[in-house]
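Undergrad: Following this line is entry-v9.pdb, made up of PDB, C-alpha atoms and all ligand atoms:
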ATOM      1  CA  MET A1143      -5.376  20.522  11.963
ATOM      2  CA  SER A1144      -5.748  18.448  15.097
ATOM      3  CA  GLU A1145      -3.195  18.416  17.889
ATOM      4  CA  TYR A1146      -2.158  14.979  16.685
ATOM      5  CA  SER A1147      -1.482  16.047  13.121
ATOM      6  CA  GLN A1148       0.477  19.107  14.216
ATOM      7  CA  GLN A1149       2.615  16.951  16.426
ATOM      8  CA  PHE A1150       3.331  14.215  13.923
ATOM      9  CA  GLY A1151       3.247  16.109  10.625
ATOM     10  CA  GLY A1152      -0.207  15.089   9.452
ATOM     11  CA  SER A1153      -2.496  12.103   9.878
ATOM     12  CA  TRP A1154      -1.376   8.715   8.616
ATOM     13  CA  THR A1155      -3.316   9.241   5.404
ATOM     14  CA  ASP A1156      -1.540  12.553   4.825
ATOM     15  CA  GLN A1157       1.833  10.905   5.417
ATOM     16  CA  LYS A1158       1.079   8.085   3.010
ATOM     17  CA  LEU A1159      -0.209  10.382   0.268
ATOM     18  CA  ASP A1160       2.568  12.914   0.787
ATOM     19  CA  CYS A1161       5.097  10.152   0.264
ATOM     20  CA  LEU A1162       3.300   8.888  -2.840
ATOM     21  CA  GLN A1163       2.966  12.368  -4.334
ATOM     22  CA  LYS A1164       6.646  13.183  -3.877
ATOM     23  CA  TYR A1165       7.715   9.836  -5.294
ATOM     24  CA  LEU A1166       5.455  10.174  -8.366
ATOM     25  CA  HIS A1167       6.761  13.686  -8.922
ATOM     26  CA  ALA A1168      10.403  12.548  -8.760
ATOM     27  CA  TYR A1169       9.677   9.549 -11.013
ATOM     28  CA  ALA A1170       7.831  11.528 -13.690
ATOM     29  CA  THR A1171      10.493  14.258 -13.621
ATOM     30  CA  ILE A1172      13.255  11.720 -14.280
ATOM     31  CA  PHE A1173      11.337  10.038 -17.100
ATOM     32  CA  ASN A1174      10.491  13.370 -18.738
ATOM     33  CA  ALA A1175      13.998  14.783 -18.504
ATOM     34  CA  ASN A1176      16.059  11.806 -19.610
ATOM     35  CA  GLN A1177      16.273  11.136 -23.373
ATOM     36  CA  ARG A1178      16.638   7.369 -23.006
ATOM     37  CA  ALA A1179      13.871   7.135 -20.404
ATOM     38  CA  LYS A1180      11.502   9.068 -22.715
ATOM     39  CA  PHE A1181      11.367   5.964 -24.899
ATOM     40  CA  PHE A1182       9.175   4.250 -22.272
ATOM     41  CA  THR A1183       5.451   4.708 -21.857
ATOM     42  CA  THR A1184       5.060   5.489 -18.169
ATOM     43  CA  ILE A1185       1.965   4.231 -16.352
ATOM     44  CA  TYR A1186       0.602   5.064 -12.933
ATOM     45  CA  LEU A1187      -1.696   2.267 -11.761
ATOM     46  CA  ASP A1188      -3.825   2.904  -8.679
ATOM     47  CA  ALA A1189      -5.452  -0.439  -7.950
ATOM     48  CA  PHE A1190      -7.633   0.558  -4.982
ATOM     49  CA  ALA A1191      -8.369   3.938  -6.446
ATOM     50  CA  GLY A1192     -11.355   5.139  -4.395
ATOM     51  CA  THR A1193     -12.998   8.269  -5.825
ATOM     52  CA  GLY A1194     -10.241  10.843  -6.217
ATOM     53  CA  TYR A1195     -11.209  12.573  -3.019
ATOM     54  CA  ARG A1196     -11.392  11.428   0.565
ATOM     55  CA  VAL A1197     -13.415  12.524   3.529
ATOM     56  CA  ALA A1198     -11.548  12.996   6.798
ATOM     57  CA  ASN A1199     -12.789  13.648  10.285
ATOM     58  CA  LEU A1200     -11.982  17.285  11.007
ATOM     59  CA  ARG A1201     -11.381  16.568  14.664
ATOM     60  CA  THR A1202      -9.020  13.591  14.330
ATOM     61  CA  ASP A1203      -7.803  14.009  10.702
ATOM     62  CA  GLU A1204      -8.572  10.335  10.258
ATOM     63  CA  PRO A1205     -10.195   8.874   7.165
ATOM     64  CA  ILE A1206     -13.839   7.997   7.433
ATOM     65  CA  PRO A1207     -15.113   4.756   5.946
ATOM     66  CA  ALA A1208     -17.765   5.472   3.302
ATOM     67  CA  ASP A1209     -20.547   3.851   5.330
ATOM     68  CA  GLU A1210     -19.852   6.197   8.249
ATOM     69  CA  GLU A1211     -19.755   9.376   6.145
ATOM     70  CA  PRO A1212     -23.463  10.178   6.557
ATOM     71  CA  THR A1213     -23.149  10.148  10.367
ATOM     72  CA  LEU A1214     -20.848  13.183  10.365
ATOM     73  CA  SER A1215     -22.084  16.733  10.159
ATOM     74  CA  GLU A1216     -20.757  19.141   7.512
ATOM     75  CA  GLU A1217     -18.659  20.847  10.212
ATOM     76  CA  GLU A1218     -17.000  17.566  11.126
ATOM     77  CA  ARG A1219     -15.863  16.494   7.689
ATOM     78  CA  LEU A1220     -12.986  17.645   5.601
ATOM     79  CA  LEU A1221     -12.855  17.000   1.866
ATOM     80  CA  LEU A1222      -9.321  16.220   0.758
ATOM     81  CA  LYS A1223      -7.580  15.000  -2.359
ATOM     82  CA  GLY A1224      -7.223  11.261  -2.795
ATOM     83  CA  SER A1225      -4.447   9.384  -4.586
ATOM     84  CA  ALA A1226      -6.065   9.413  -8.050
ATOM     85  CA  ARG A1227      -6.525  13.188  -8.106
ATOM     86  CA  ILE A1228      -3.074  13.766  -6.621
ATOM     87  CA  ALA A1229      -1.529  11.706  -9.429
ATOM     88  CA  LEU A1230      -3.530  13.452 -12.160
ATOM     89  CA  GLU A1231      -2.647  16.941 -10.935
ATOM     90  CA  LEU A1232       1.101  16.281 -11.082
ATOM     91  CA  GLU A1233       3.098  18.025 -13.800
ATOM     92  CA  PRO A1234       5.054  16.575 -15.447
ATOM     93  CA  GLY A1235       2.818  13.570 -15.336
ATOM     94  CA  PHE A1236       2.658   9.989 -16.551
ATOM     95  CA  LYS A1237       1.750   9.016 -20.108
ATOM     96  CA  ARG A1238      -1.090   6.773 -18.914
ATOM     97  CA  TYR A1239      -3.189   6.391 -15.754
ATOM     98  CA  ILE A1240      -5.135   3.294 -14.769
ATOM     99  CA  PHE A1241      -7.607   3.416 -11.895
ATOM    100  CA  VAL A1242      -9.123   0.151 -10.677
ATOM    101  CA  GLU A1243     -12.023   0.201  -8.255
ATOM    102  CA  ARG A1244     -14.486  -2.496  -7.169
ATOM    103  CA  ASP A1245     -17.289  -0.277  -5.926
ATOM    104  CA  PRO A1246     -19.597   0.842  -8.799
ATOM    105  CA  SER A1247     -20.510   4.229  -7.291
ATOM    106  CA  ARG A1248     -16.819   5.035  -6.778
ATOM    107  CA  VAL A1249     -16.174   4.047 -10.382
ATOM    108  CA  GLU A1250     -18.725   6.667 -11.442
ATOM    109  CA  GLU A1251     -16.877   9.275  -9.345
ATOM    110  CA  LEU A1252     -13.608   8.243 -11.000
ATOM    111  CA  LYS A1253     -15.187   8.713 -14.434
ATOM    112  CA  ARG A1254     -16.205  12.250 -13.435
ATOM    113  CA  LEU A1255     -12.622  12.829 -12.314
ATOM    114  CA  ARG A1256     -11.370  11.496 -15.679
ATOM    115  CA  ASP A1257     -13.606  14.012 -17.468
ATOM    116  CA  GLU A1258     -11.859  16.851 -15.628
ATOM    117  CA  PHE A1259      -8.586  15.902 -17.366
ATOM    118  CA  PRO A1260      -9.533  15.530 -21.056
ATOM    119  CA  SER A1261      -5.943  15.811 -22.293
ATOM    120  CA  LYS A1262      -4.753  12.824 -20.231
ATOM    121  CA  ASP A1263      -4.873   9.143 -21.158
ATOM    122  CA  ILE A1264      -6.927   7.686 -18.297
ATOM    123  CA  LEU A1265      -8.462   4.236 -18.028
ATOM    124  CA  VAL A1266     -11.071   3.638 -15.316
ATOM    125  CA  GLU A1267     -11.624  -0.070 -14.677
ATOM    126  CA  HIS A1268     -14.475  -1.482 -12.637
ATOM    127  CA  GLY A1269     -13.231  -4.729 -11.110
ATOM    128  CA  ASP A1270     -11.029  -6.576  -8.676
ATOM    129  CA  ALA A1271      -7.508  -5.221  -8.211
ATOM    130  CA  ASN A1272      -5.856  -8.650  -8.024
ATOM    131  CA  THR A1273      -7.487  -9.987 -11.175
ATOM    132  CA  TYR A1274      -6.778  -6.802 -13.084
ATOM    133  CA  ILE A1275      -3.104  -6.558 -12.107
ATOM    134  CA  GLN A1276      -2.349 -10.210 -12.742
ATOM    135  CA  THR A1277      -3.783  -9.944 -16.286
ATOM    136  CA  TRP A1278      -2.259  -6.514 -16.963
ATOM    137  CA  THR A1279       1.255  -7.551 -15.872
ATOM    138  CA  ALA A1280       1.042 -10.638 -18.108
ATOM    139  CA  GLN A1281      -0.249  -8.741 -21.159
ATOM    140  CA  THR A1282       1.866  -5.562 -21.131
ATOM    141  CA  ASP A1283       5.081  -5.351 -23.139
ATOM    142  CA  TRP A1284       7.597  -4.468 -20.423
ATOM    143  CA  GLU A1285      10.302  -3.732 -22.979
ATOM    144  CA  LYS A1286       8.352  -0.556 -23.746
ATOM    145  CA  HIS A1287       6.589   0.314 -20.497
ATOM    146  CA  ARG A1288       7.539   1.374 -16.986
ATOM    147  CA  ALA A1289       5.079   1.789 -14.126
ATOM    148  CA  VAL A1290       4.448   2.790 -10.556
ATOM    149  CA  VAL A1291       1.750   0.735  -8.819
ATOM    150  CA  PHE A1292       0.038   1.908  -5.644
ATOM    151  CA  LEU A1293      -1.773  -0.725  -3.564
ATOM    152  CA  ASP A1294      -3.869   1.051  -0.965
ATOM    153  CA  PRO A1295      -6.381  -1.461   0.399
ATOM    154  CA  TYR A1296      -8.411  -1.063   3.571
ATOM    155  CA  GLY A1297      -7.407  -4.521   4.791
ATOM    156  CA  MET A1298      -6.383  -7.982   3.590
ATOM    157  CA  GLN A1299      -7.466  -7.611  -0.054
ATOM    158  CA  VAL A1300      -4.046  -7.985  -1.712
ATOM    159  CA  GLN A1301      -3.006 -11.488  -2.784
ATOM    160  CA  TRP A1302       0.649 -12.458  -2.832
ATOM    161  CA  ARG A1303       0.229 -13.651  -6.441
ATOM    162  CA  THR A1304      -0.387 -10.011  -7.321
ATOM    163  CA  ILE A1305       2.836  -8.884  -5.647
ATOM    164  CA  GLN A1306       4.729 -11.666  -7.417
ATOM    165  CA  SER A1307       3.256 -10.724 -10.798
ATOM    166  CA  ILE A1308       4.352  -7.108 -10.244
ATOM    167  CA  ALA A1309       7.880  -8.166  -9.258
ATOM    168  CA  ASP A1310       8.183 -10.549 -12.222
ATOM    169  CA  THR A1311       7.874  -7.686 -14.721
ATOM    170  CA  ARG A1312      11.151  -6.158 -13.453
ATOM    171  CA  ALA A1313       9.713  -2.866 -14.669
ATOM    172  CA  ILE A1314       7.438  -1.699 -11.843
ATOM    173  CA  ASP A1315       8.010   0.322  -8.675
ATOM    174  CA  LEU A1316       5.560  -0.651  -5.955
ATOM    175  CA  TRP A1317       4.152   1.232  -2.966
ATOM    176  CA  PHE A1318       2.094  -1.123  -0.810
ATOM    177  CA  LEU A1319       0.109  -0.234   2.276
ATOM    178  CA  PHE A1320       0.424  -3.388   4.323
ATOM    179  CA  PRO A1321      -2.355  -3.991   6.916
ATOM    180  CA  ALA A1322      -0.032  -4.973   9.785
ATOM    181  CA  GLY A1323      -1.943  -3.545  12.750
ATOM    182  CA  ILE A1324      -5.408  -3.188  11.333
ATOM    183  CA  ALA A1325      -5.663  -6.831  10.261
ATOM    184  CA  VAL A1326      -2.608  -9.125  10.485
ATOM    185  CA  SER A1327      -1.818  -8.753  14.188
ATOM    186  CA  ARG A1328      -5.528  -9.033  15.024
ATOM    187  CA  MET A1329      -5.707 -12.320  13.117
ATOM    188  CA  LEU A1330      -2.982 -13.882  15.261
ATOM    189  CA  PRO A1331      -4.583 -14.990  18.559
ATOM    190  CA  LYS A1332      -2.374 -15.028  21.619
ATOM    191  CA  ASP A1333      -2.299 -18.653  22.701
ATOM    192  CA  LYS A1334      -3.677 -20.660  19.823
ATOM    193  CA  PRO A1335      -3.251 -20.656  16.053
ATOM    194  CA  PRO A1336      -5.785 -18.672  14.018
ATOM    195  CA  PRO A1337      -8.929 -20.438  12.834
ATOM    196  CA  ASP A1338      -8.607 -22.054   9.384
ATOM    197  CA  SER A1339     -10.382 -19.264   7.493
ATOM    198  CA  TRP A1340      -8.030 -16.599   8.931
ATOM    199  CA  GLY A1341      -5.069 -18.903   8.322
ATOM    200  CA  ARG A1342      -5.976 -19.191   4.646
ATOM    201  CA  ARG A1343      -6.216 -15.402   4.304
ATOM    202  CA  LEU A1344      -2.831 -14.914   5.976
ATOM    203  CA  THR A1345      -1.305 -17.467   3.605
ATOM    204  CA  GLU A1346      -2.857 -15.676   0.625
ATOM    205  CA  LEU A1347      -1.471 -12.348   1.820
ATOM    206  CA  PHE A1348       2.049 -13.610   2.607
ATOM    207  CA  GLY A1349       2.177 -16.153  -0.220
ATOM    208  CA  SER A1350       3.531 -18.796   2.130
ATOM    209  CA  GLU A1351       2.660 -20.885   5.192
ATOM    210  CA  GLU A1352       5.906 -19.768   6.822
ATOM    211  CA  TRP A1353       4.047 -17.156   8.867
ATOM    212  CA  ARG A1354       3.016 -20.002  11.215
ATOM    213  CA  ASP A1355       6.620 -20.535  12.375
ATOM    214  CA  ARG A1356       7.467 -16.837  12.304
ATOM    215  CA  PHE A1357       4.680 -15.720  14.577
ATOM    216  CA  TYR A1358       4.313 -18.819  16.803
ATOM    217  CA  THR A1359       6.795 -21.026  18.640
ATOM    218  CA  SER A1360       5.738 -24.011  20.666
ATOM    219  CA  SER A1361       7.510 -25.250  23.761
ATOM    220  CA  GLU A1362       6.965 -27.956  26.324
ATOM    221  CA  GLN A1363       6.444 -26.976  29.920
ATOM    222  CA  GLU A1364       6.336 -29.185  32.980
ATOM    223  CA  THR A1365       3.133 -28.737  34.954
ATOM    224  CA  LEU A1366       1.676 -30.540  37.970
ATOM    225  CA  PHE A1367      -0.098 -32.807  35.487
ATOM    226  CA  GLY A1368       2.955 -33.592  33.324
ATOM    227  CA  ALA A1369       4.428 -32.009  30.193
ATOM    228  CA  GLU A1370       2.189 -29.526  28.398
ATOM    229  CA  GLU A1371       2.765 -27.912  25.036
ATOM    230  CA  THR A1372       2.341 -24.130  25.035
ATOM    231  CA  LEU A1373       2.248 -21.755  22.108
ATOM    232  CA  GLN A1374       4.081 -18.415  22.232
ATOM    233  CA  ARG A1375       3.069 -15.679  19.833
ATOM    234  CA  ASP A1376       5.286 -12.843  18.606
ATOM    235  CA  ALA A1377       3.018 -10.505  16.656
ATOM    236  CA  SER A1378       5.130  -7.419  17.339
ATOM    237  CA  LEU A1379       5.301  -4.783  14.638
ATOM    238  CA  ALA A1380       9.025  -5.467  14.215
ATOM    239  CA  ASN A1381       8.435  -9.186  13.680
ATOM    240  CA  ILE A1382       5.624  -8.581  11.185
ATOM    241  CA  GLY A1383       7.735  -5.941   9.411
ATOM    242  CA  ASN A1384      10.749  -8.235   9.226
ATOM    243  CA  PHE A1385       8.724 -11.051   7.770
ATOM    244  CA  LEU A1386       7.104  -8.727   5.244
ATOM    245  CA  ILE A1387      10.517  -7.515   4.065
ATOM    246  CA  GLU A1388      11.775 -11.072   3.835
ATOM    247  CA  ARG A1389       8.798 -12.084   1.709
ATOM    248  CA  LEU A1390       9.173  -9.038  -0.529
ATOM    249  CA  GLU A1391      12.836  -9.923  -1.010
ATOM    250  CA  THR A1392      11.889 -13.368  -2.290
ATOM    251  CA  ALA A1393       9.638 -11.765  -4.925
ATOM    252  CA  PHE A1394      11.806  -8.738  -5.792
ATOM    253  CA  ASP A1395      14.930 -10.871  -5.915
ATOM    254  CA  THR A1396      17.282  -8.321  -7.489
ATOM    255  CA  GLY A1397      17.773  -6.271  -4.323
ATOM    256  CA  GLY A1398      15.174  -3.545  -4.854
ATOM    257  CA  VAL A1399      13.336  -3.779  -1.535
ATOM    258  CA  LEU A1400      13.500  -0.780   0.785
ATOM    259  CA  ARG A1401      14.426  -2.001   4.257
ATOM    260  CA  GLN A1402      12.682   0.899   5.980
ATOM    261  CA  LEU A1403       8.948   0.756   6.525
ATOM    262  CA  MET A1404       6.847   3.766   7.359
ATOM    263  CA  VAL A1405       4.704   3.102  10.410
ATOM    264  CA  LEU A1406       1.278   4.674  10.105
ATOM    265  CA  ARG A1407      -0.523   5.143  13.411
ATOM    266  CA  ASN A1408      -3.996   6.363  14.238
ATOM    267  CA  SER A1409      -4.714   9.283  16.570
ATOM    268  CA  ARG A1410      -4.503   6.948  19.572
ATOM    269  CA  ARG A1411      -0.969   6.011  18.389
ATOM    270  CA  SER A1412      -1.941   2.437  17.532
ATOM    271  CA  PRO A1413      -0.080   1.108  14.488
ATOM    272  CA  MET A1414      -2.471   0.599  11.584
ATOM    273  CA  TYR A1415      -0.364   0.008   8.490
ATOM    274  CA  LEU A1416       3.209  -0.338   7.280
ATOM    275  CA  LEU A1417       3.969   1.466   4.042
ATOM    276  CA  CYS A1418       6.560  -0.446   2.033
ATOM    277  CA  PHE A1419       8.390   0.115  -1.228
ATOM    278  CA  ALA A1420      10.100  -2.135  -3.770
ATOM    279  CA  CYS A1421      11.621  -1.482  -7.182
ATOM    280  CA  GLY A1422      11.533  -4.348  -9.649
ATOM    281  CA  ASN A1423      13.942  -2.932 -12.205
ATOM    282  CA  PRO A1424      17.515  -3.917 -11.271
ATOM    283  CA  ARG A1425      18.954  -1.005 -13.308
ATOM    284  CA  ALA A1426      16.774   1.619 -11.636
ATOM    285  CA  LYS A1427      16.873   0.320  -8.090
ATOM    286  CA  GLY A1428      19.774   2.533  -6.910
ATOM    287  CA  THR A1429      17.968   5.786  -7.735
ATOM    288  CA  ALA A1430      14.563   4.451  -6.722
ATOM    289  CA  LEU A1431      15.731   3.249  -3.313
ATOM    290  CA  LYS A1432      17.517   6.532  -2.658
ATOM    291  CA  ILE A1433      14.402   8.603  -3.423
ATOM    292  CA  ALA A1434      11.982   6.300  -1.597
ATOM    293  CA  GLY A1435      14.340   5.903   1.377
ATOM    294  CA  ASP A1436      14.708   9.666   1.779
ATOM    295  CA  LEU A1437      10.938  10.089   1.661
ATOM    296  CA  VAL A1438      10.257   7.396   4.215
ATOM    297  CA  THR A1439      12.945   8.466   6.652
ATOM    298  CA  LYS A1440      13.333  12.215   6.166
ATOM    299  CA  TYR A1441      10.566  14.111   4.484
ATOM    300  CA  THR A1442       7.393  12.784   5.974
ATOM    301  CA  PHE A1443       8.260  13.288   9.644
ATOM    302  CA  ALA A1444       6.836   9.849  10.175
ATOM    303  CA  GLU A1445       8.111   7.098  12.348
ATOM    304  CA  PHE A1446       9.817   4.273  10.503
ATOM    305  CA  LEU A1447      10.925   0.746  11.212
ATOM    306  CA  SER A1448      14.324  -0.233   9.894
ATOM    307  CA  VAL A1449      14.747  -3.987   9.491
TER
HETATM  308  C1  LIG A1501      -8.327   2.940   1.200
HETATM  309  S1  LIG A1501      -9.468   3.118  -0.091
HETATM  310  C2  LIG A1501      -8.479   3.863  -1.344
HETATM  311  C3  LIG A1501      -8.182   5.296  -1.130
HETATM  312  C4  LIG A1501      -7.499   5.957  -2.295
HETATM  313  N1  LIG A1501      -6.217   5.325  -2.603
HETATM  314  C5  LIG A1501      -7.275   7.430  -1.991
HETATM  315  O1  LIG A1501      -6.190   7.828  -1.605
HETATM  316  O2  LIG A1501      -8.241   8.174  -2.173
HETATM  317  C6  LIG A1501      -9.632   1.501  -0.726
HETATM  318  C7  LIG A1501     -10.532   1.394  -1.965
HETATM  319  O3  LIG A1501     -10.386   0.089  -2.515
HETATM  320  C8  LIG A1501     -11.662  -0.366  -2.986
HETATM  321  N2  LIG A1501     -11.560  -1.830  -3.029
HETATM  322  C9  LIG A1501     -11.715  -2.710  -2.012
HETATM  323  N3  LIG A1501     -11.460  -3.957  -2.441
HETATM  324  C10 LIG A1501     -11.113  -3.870  -3.738
HETATM  325  C11 LIG A1501     -10.695  -4.809  -4.718
HETATM  326  N4  LIG A1501     -10.609  -6.111  -4.438
HETATM  327  N5  LIG A1501     -10.375  -4.366  -5.951
HETATM  328  C12 LIG A1501     -10.465  -3.033  -6.260
HETATM  329  N6  LIG A1501     -10.857  -2.090  -5.370
HETATM  330  C13 LIG A1501     -11.163  -2.498  -4.128
HETATM  331  C14 LIG A1501     -12.639   0.210  -1.997
HETATM  332  O4  LIG A1501     -13.928   0.325  -2.588
HETATM  333  C15 LIG A1501     -12.012   1.588  -1.684
HETATM  334  O5  LIG A1501     -12.510   2.562  -2.554
END
Mind turning the file's structure into structure tokens?
TA:
Amino acid sequence: MSEYSQQFGGSWTDQKLDCLQKYLHAYATIFNANQRAKFFTTIYLDAFAGTGYRVANLRTDEPIPADEEPTLSEEERLLLKGSARIALELEPGFKRYIFVERDPSRVEELKRLRDEFPSKDILVEHGDANTYIQTWTAQTDWEKHRAVVFLDPYGMQVQWRTIQSIADTRAIDLWFLFPAGIAVSRMLPKDKPPPDSWGRRLTELFGSEEWRDRFYTSSEQETLFGAEETLQRDASLANIGNFLIERLETAFDTGGVLRQLMVLRNSRRSPMYLLCFACGNPRAKGTALKIAGDLVTKYTFAEFLSV
């Protein structure tokens, strides 16, 4: 383990996966122990599933993008479990697992992983996470199913319509790795609005144009040459986190949004992602928020933002 991971209780990937693992374990335990809950078919859906394993840099503990893997020597890489394998190894488990992945070679890896667990009901889907989830949420009978969805993109891939479709089921608990530092703050230039193409992507991610007023305020200033309009940006982590929570609360409108966000930083302490949680089921939200809140604030030794 690097100095960084010893100091902060693991790399940001470890923190994220540790949180997910403990939540899935608590969830499956409740559904397996409770007579009434046993009625439901439980599903774990991992929409950016990867391969089931992940390669980390041994020196920094940080994940290595697939295209950089070949540049590292055997001594520098560390093979670790990814979210799909972590979920499959849990006992008690879920009744069904769905892994969605866009990259064909990763899909093949996921199929090999599926073959290691012949007694489990596992669906491996090659495709786009947004398209799959929006169809799946519309076609599943939510009177009979309950699910945990994990959205673990590298960047801006999640569309707000996907979040809304998850919330609308009122039957899904969501863990979402939000790309606050790695993408959003970098797409908000200091003294001018983002170019149109970035603006469209931000609107797709937040599901609203409101981000323009949340991250920028304009004011008039007197200069030697008369009044000049200047644009002030506030792309602080707290402002992005607050806006994210506010948006989640419009989708999950029955009070199931966790108001603490786990801040995931890289080895140079720069914030990369915010891990957020929301429970769509109004009857389950008390228990879900308690478990998720404890994980985010207590068990992972991670820093969190409370908004
Ligand atoms: C951060 S990695 C996932 C890591 C995985 N959760 C784990 O813990 O091992 C993101 C994955 O999403 C895949 N991906 C990217 N865009 C996608 C999309 N639109 N739909 C589905 N998968 C996508 C990438 O190929 C990559 O494998």
Undergrad: Please enumerate the residues selected by the PyMOL selection byres (((chain A and resi 1312) around 6) and not hetatm) when evaluated against the supplied file, formatted as a VMD selection string.
TA: chain A and resid 1309 to 1311 1313 1422 to 1423
Undergrad: Go through A:Phe1320, A:Phe1394, A:Trp1302, A:Phe1292 one by one, measure the shortest atom-to-atom distance of each to Gln1276 (chain A) using all atoms listed in the file, and give the residue with the smallest value.
TA: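 Comparing A:Phe1320, A:Phe1394, A:Trp1302, A:Phe1292 against Gln1276 (chain A), the winner is A:Trp1302.
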Undergrad: By how many Å are CA of Ala1271 (chain A) and CA of Glu1250 (chain A) apart?
TA: 16.7 Å
Undergrad: List every residue of chain A that has an atom at most 8 Å from any atom of ligand LIG 1501 (chain A), and for each one report the closest atom pair and its distance in Å to one decimal, counting all atoms listed in the file, with rows sorted by chain and then by increasing residue number, as JSON lines.
TA:
{"residue": "A:Thr1155", "atom": "CA", "partner": "A:LIG1501", "partner_atom": "O1", "distance": 7.7}
{"residue": "A:Leu1159", "atom": "CA", "partner": "A:LIG1501", "partner_atom": "O1", "distance": 6.8}
{"residue": "A:Asp1188", "atom": "CA", "partner": "A:LIG1501", "partner_atom": "N1", "distance": 7.0}
{"residue": "A:Ala1189", "atom": "CA", "partner": "A:LIG1501", "partner_atom": "C12", "distance": 5.9}
{"residue": "A:Phe1190", "atom": "CA", "partner": "A:LIG1501", "partner_atom": "O3", "distance": 3.7}
{"residue": "A:Ala1191", "atom": "CA", "partner": "A:LIG1501", "partner_atom": "N1", "distance": 4.6}
{"residue": "A:Gly1192", "atom": "CA", "partner": "A:LIG1501", "partner_atom": "O5", "distance": 3.4}
{"residue": "A:Thr1193", "atom": "CA", "partner": "A:LIG1501", "partner_atom": "O2", "distance": 6.0}
{"residue": "A:Gly1194", "atom": "CA", "partner": "A:LIG1501", "partner_atom": "O2", "distance": 5.2}
{"residue": "A:Tyr1195", "atom": "CA", "partner": "A:LIG1501", "partner_atom": "O2", "distance": 5.4}
{"residue": "A:Arg1196", "atom": "CA", "partner": "A:LIG1501", "partner_atom": "O2", "distance": 5.3}
{"residue": "A:Lys1223", "atom": "CA", "partner": "A:LIG1501", "partner_atom": "O2", "distance": 6.9}
{"residue": "A:Gly1224", "atom": "CA", "partner": "A:LIG1501", "partner_atom": "O2", "distance": 3.3}
{"residue": "A:Ser1225", "atom": "CA", "partner": "A:LIG1501", "partner_atom": "O1", "distance": 3.8}
{"residue": "A:Ala1226", "atom": "CA", "partner": "A:LIG1501", "partner_atom": "O2", "distance": 6.4}
{"residue": "A:Arg1227", "atom": "CA", "partner": "A:LIG1501", "partner_atom": "O2", "distance": 8.0}
{"residue": "A:Val1242", "atom": "CA", "partner": "A:LIG1501", "partner_atom": "C12", "distance": 5.6}
{"residue": "A:Glu1243", "atom": "CA", "partner": "A:LIG1501", "partner_atom": "N6", "distance": 3.9}
{"residue": "A:Arg1244", "atom": "CA", "partner": "A:LIG1501", "partner_atom": "N6", "distance": 4.1}
{"residue": "A:Asp1245", "atom": "CA", "partner": "A:LIG1501", "partner_atom": "O4", "distance": 4.8}
{"residue": "A:Arg1248", "atom": "CA", "partner": "A:LIG1501", "partner_atom": "O5", "distance": 6.5}
{"residue": "A:His1268", "atom": "CA", "partner": "A:LIG1501", "partner_atom": "C12", "distance": 7.7}
{"residue": "A:Gly1269", "atom": "CA", "partner": "A:LIG1501", "partner_atom": "C12", "distance": 5.8}
{"residue": "A:Asp1270", "atom": "CA", "partner": "A:LIG1501", "partner_atom": "N5", "distance": 3.6}
{"residue": "A:Ala1271", "atom": "CA", "partner": "A:LIG1501", "partner_atom": "N5", "distance": 3.7}
{"residue": "A:Asn1272", "atom": "CA", "partner": "A:LIG1501", "partner_atom": "N4", "distance": 6.5}
{"residue": "A:Phe1292", "atom": "CA", "partner": "A:LIG1501", "partner_atom": "N1", "distance": 7.7}
{"residue": "A:Leu1293", "atom": "CA", "partner": "A:LIG1501", "partner_atom": "N1", "distance": 7.6}
{"residue": "A:Asp1294", "atom": "CA", "partner": "A:LIG1501", "partner_atom": "N1", "distance": 5.1}
{"residue": "A:Pro1295", "atom": "CA", "partner": "A:LIG1501", "partner_atom": "C6", "distance": 4.5}
{"residue": "A:Tyr1296", "atom": "CA", "partner": "A:LIG1501", "partner_atom": "C1", "distance": 4.7}
{"residue": "A:Gln1299", "atom": "CA", "partner": "A:LIG1501", "partner_atom": "N4", "distance": 5.6}
{"residue": "A:Val1300", "atom": "CA", "partner": "A:LIG1501", "partner_atom": "N4", "distance": 7.3}
Undergrad: Under the PyMOL selection byres (((chain A and resi 1330-1347) around 6) and not hetatm), which residues of this model are included? Write them out as an mmCIF file with C-alpha atoms, in the coordinates of the input.
TA:
data_model
loop_
_atom_site.group_PDB
_atom_site.id
_atom_site.type_symbol
_atom_site.label_atom_id
_atom_site.label_comp_id
_atom_site.auth_asym_id
_atom_site.auth_seq_id
_atom_site.Cartn_x
_atom_site.Cartn_y
_atom_site.Cartn_z
ATOM 1 C CA GLN A 1301 -3.006 -11.488 -2.784
ATOM 2 C CA TRP A 1302 0.649 -12.458 -2.832
ATOM 3 C CA SER A 1327 -1.818 -8.753 14.188
ATOM 4 C CA ARG A 1328 -5.528 -9.033 15.024
ATOM 5 C CA MET A 1329 -5.707 -12.320 13.117
ATOM 6 C CA PHE A 1348 2.049 -13.610 2.607
ATOM 7 C CA GLY A 1349 2.177 -16.153 -0.220
ATOM 8 C CA SER A 1350 3.531 -18.796 2.130
ATOM 9 C CA GLU A 1351 2.660 -20.885 5.192
ATOM 10 C CA LEU A 1373 2.248 -21.755 22.108
ATOM 11 C CA ARG A 1375 3.069 -15.679 19.833
#
Undergrad: Pick the closest to Ile1240 (chain A) from A:Asp1436, A:Val1290, A:Pro1260, A:Ala1426: which is it, counting only C-alpha atoms?
TA: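 Of A:Asp1436, A:Val1290, A:Pro1260, A:Ala1426, the one nearest Ile1240 (chain A), counting only C-alpha atoms, is A:Val1290.
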Undergrad: Report as a PyMOL selection string all protein, DNA and RNA residues lying within 10 Å of region 1378-1391 of chain A, evaluated on only C-alpha atoms, omitting residues in the same chain fewer than 6 positions from it.
TA: chain A and resi 1302+1305-1306+1309+1320+1322-1323+1326-1327+1347-1350+1352-1353+1356-1357+1397-1405+1413-1420+1447-1449
